[in-house]
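S.K.: Structure in structure tokens, see below.
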Amino acid sequence: MAGRPDGGPAFPQPHGGDSAWAQELLDHLRPTGRDPRRLVAWLARTVEAAVCLLDARGDLLAGERLPLDAAVLADVATGRVSAAALDDGVRHVRLIGIGHPGPGPAAAAVLTVARPGPFDRHTADILAHTAAVLELLLRDRELAASGRRLRRATADLRLAILQLLMVEDTVSARRVAAGLWPGLLEEDTARVYVLEGTAAERDRLADACVDTTDGGALVVRCPAVDEHVIVLGPAADVGERLRSLVADRPGTFLGGSPRQRLALTATAYGQAVTALAVARFRPDRAAVYAARTRPVQLMDPAALRAWAGAVLRPLDALPHHVRAELLATTRLGLEFTAVNAAKVLGVSRNTVRARMDRVAALLGVDFSRLTVRAVAHAALNTAAAQGPYDSRGGAPQPGARCQLTELLRTNALHAWGEGLLGRLDDDGRDLRRTLRAWTAADAHAERAAQVLGVHAQTVREHLRAAEPVLERRLTSGGTDLYEAVLAQLVTGELPVPDVGLAAVPAPGAANPDQPDAPVHR
């Protein structure tokens, strides 16, 4: 029996005039018919026998389990013999080792056929052909499984790199990336993009992103949102390539961040998610984070940095990697829910809560207070963008003793706050009053409704109506909500919290289990 030119199993020509079975057997090699279980069932019907297919460990792959001589089965499975024939006076049994694509004589599986009558030449011919086809099917299945394992391992590595960047560990991220994607993170800056499609299509969308960027970007299936694909692109042309991809895929949206330092990947991710919300209303279904005026841009830069450094100073005594981990986790936890922050970081929700509780305790703040979260968010992002403030280097810089109230007391900031909130004044439902009551109630609709004397659903409807007017997401939490809170702080509609001087919260106070809490769910 001659072998195939590619080194695969040989296919002898069938003997005899009846070759209909050969055509039926070949049908099992068609793409729609490649199933070892169907083939084993076909063999049992064709040769009128009981058929069993076991893997190398003795587990049943197809057919029915048969009583077999353990020693003979072991000889065939280990490759000591390629086949065996048994006759116990009641049945005739053939065992055939199915070849393994790897090195060594061991079989990948053992095919056993038992029938009352002996195996004539016709039956033996069918059995030999079937064994050859089974080898192909099992080899194809193993190659497919290996491909899936490789793709899964590659996806896990991409996610691990992103998670390292999220906690500002750029050194480790570069070290991991260098082995598989040399040069990918050589630049110090990158943009982050978030693409949204359907959960069912996400794998194909991620593969399309890999092909489109031609290895010039880090493509990750978002661990927090099943419909999202995250792309970190250091190269300048990644954004245009992704825009072209989205244009050709109806129902797909793209949000992008401005270029940020790799250490600010978490910040860039939040900006990309914000831009994605805008992209849903754009004709081209794509948007980049808008460079609109931010409240921190209207504050004295030196005073702002000094204040942020003073707020975060209790963390300075921690080892650098611990401090960076706590700060990065807290920034994500304030921007998103604790559940989603945990998925993005690859840790448990309890770990996120524990880290945030530790930060809250060190800073002496209560993260259950919305105003505190908004102010802490400003301090954390200031430190991330400008680096930690060092008060030990010479004379204090201007505003080093500045309190938050002084920071917020500028004409430009007051004009910004009034301009933002004033957009709500034209609505007869008094949306501004609802927003003020809701933020004062730490974003709990039920508590705000009690203060206003309305139903909680009315509060939620007013908030949804305010979002397009303010051009900010309120109920989702994050930067947009915190800017609305800061606007109320600078206009005096909410009291300014004494961040850094507040009482240390009770254990668990930073994570109240409230249905409307925008963070820590």
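By convention in this document, the chains of the structure tokens carry letters A, B, ... by their order, each chain's residues are numbered from 1, and ligands are numbered from 1 in the order they are shown.
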Find the residues near A:Pro31: any atom within 12 Å, counting only C-alpha atoms, skip ones fewer than 5 places away on the same chain, and give them as a list in words.
M.R.: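 My reading of the contact set: Leu26, Leu137 and Asp140 of chain A.
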S.K.: Hey, can you spit out that residue selection with C-alpha atoms as a PDB file, in the first residue's frame?
M.R.:
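Now in result_29.pdb:
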```
ATOM      1  CA  LEU A  26     -15.083   9.985   1.029  1.00  0.00           C
ATOM      2  CA  LEU A 137     -10.161  13.677  10.854  1.00  0.00           C
ATOM      3  CA  ASP A 140      -7.537  17.946  11.543  1.00  0.00           C
TER       4      ASP A 140
END
```
S.K.: I want to know what sits within 10 Å of A:Val167, based on only C-alpha atoms, with residues of the same chain fewer than 6 positions away left out; could you give that as a PyMOL selection string?
M.R.: chain A and resi 263-266+321-329+331-332+345
S.K.: Where in stretch 312-515 of chain A does DSSP assign alpha helix (DSSP H), given as JSON, numbers by chain?
M.R.: {"A": [312, 320, 321, 322, 323, 324, 325, 326, 327, 328, 329, 330, 331, 332, 333, 334, 335, 338, 339, 340, 341, 342, 343, 344, 345, 349, 350, 351, 352, 353, 354, 355, 356, 357, 358, 359, 360, 361, 362, 363, 370, 371, 372, 373, 374, 375, 376, 377, 378, 379, 380, 381, 382, 383, 384, 385, 386, 404, 405, 406, 407, 408, 411, 412, 413, 414, 415, 416, 417, 418, 419, 420, 421, 431, 432, 433, 434, 435, 436, 437, 438, 439, 440, 445, 446, 447, 448, 449, 450, 451, 452, 456, 457, 458, 459, 460, 461, 462, 463, 464, 465, 466, 467, 468, 469, 470, 479, 480, 481, 482, 483, 484, 485, 486, 487, 488, 489, 490]}
S.K.: Go through A:Ala77, A:Val229, A:Ala272, A:Leu452 one by one, measure the shortest atom-to-atom distance of each to A:Glu201 using only C-alpha atoms, and give the residue with the smallest value.
M.R.: A:Val229
S.K.: If you take only C-alpha atoms and a cut-off of 12 Å, which residues of stretch 399-422 of chain A touch stretch 432-438 of chain A, and what are their nearest atom pairs and distances in Å to one decimal, in chain and number order, as JSON lines?
M.R.:
```
{"residue": "A:Glu418", "atom": "CA", "partner": "A:Arg432", "partner_atom": "CA", "distance": 11.1}
{"residue": "A:Leu420", "atom": "CA", "partner": "A:Arg432", "partner_atom": "CA", "distance": 10.4}
{"residue": "A:Leu421", "atom": "CA", "partner": "A:Arg432", "partner_atom": "CA", "distance": 6.8}
{"residue": "A:Gly422", "atom": "CA", "partner": "A:Arg432", "partner_atom": "CA", "distance": 8.0}
```
S.K.: DSSP on the backbone: what in stretch 231-402 of chain A comes out strand (DSSP E), as a ChimeraX atom specification?
M.R.: /A:231-233,253-256,260-261,286-288
S.K.: Identify which of the residues A:Ala74, A:Ala412, A:Ala56, A:Ala449 lies closest to A:Gln297, counting only C-alpha atoms when measuring atom-to-atom distances.
M.R.: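 Nearest to A:Gln297: A:Ala412.
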S.K.: Contacts of A:Leu486 at 7 Å or less, counting only C-alpha atoms, minus same-chain residues fewer than 4 places along, as a list in words?
M.R.: Ala374, Tyr482 and Val490 of chain A
S.K.: For N, CA, C and O atoms, I'd like the residues from the last selection saved as a CSV table (one decimal), in the first residue's frame.
M.R.:
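Below you can see again-v7.csv, which holds the result:
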```
chain,number,residue,atom,x,y,z
A,374,ALA,N,-15.6,63.2,43.0
A,374,ALA,CA,-15.3,64.1,42.0
A,374,ALA,C,-14.0,64.8,42.2
A,374,ALA,O,-13.1,65.0,41.3
A,482,TYR,N,-18.4,63.9,37.0
A,482,TYR,CA,-17.6,64.6,37.9
A,482,TYR,C,-17.5,66.1,37.5
A,482,TYR,O,-17.4,67.0,38.3
A,490,VAL,N,-18.3,75.0,42.0
A,490,VAL,CA,-17.8,76.4,41.8
A,490,VAL,C,-18.9,77.4,41.8
A,490,VAL,O,-18.6,78.6,42.1
```
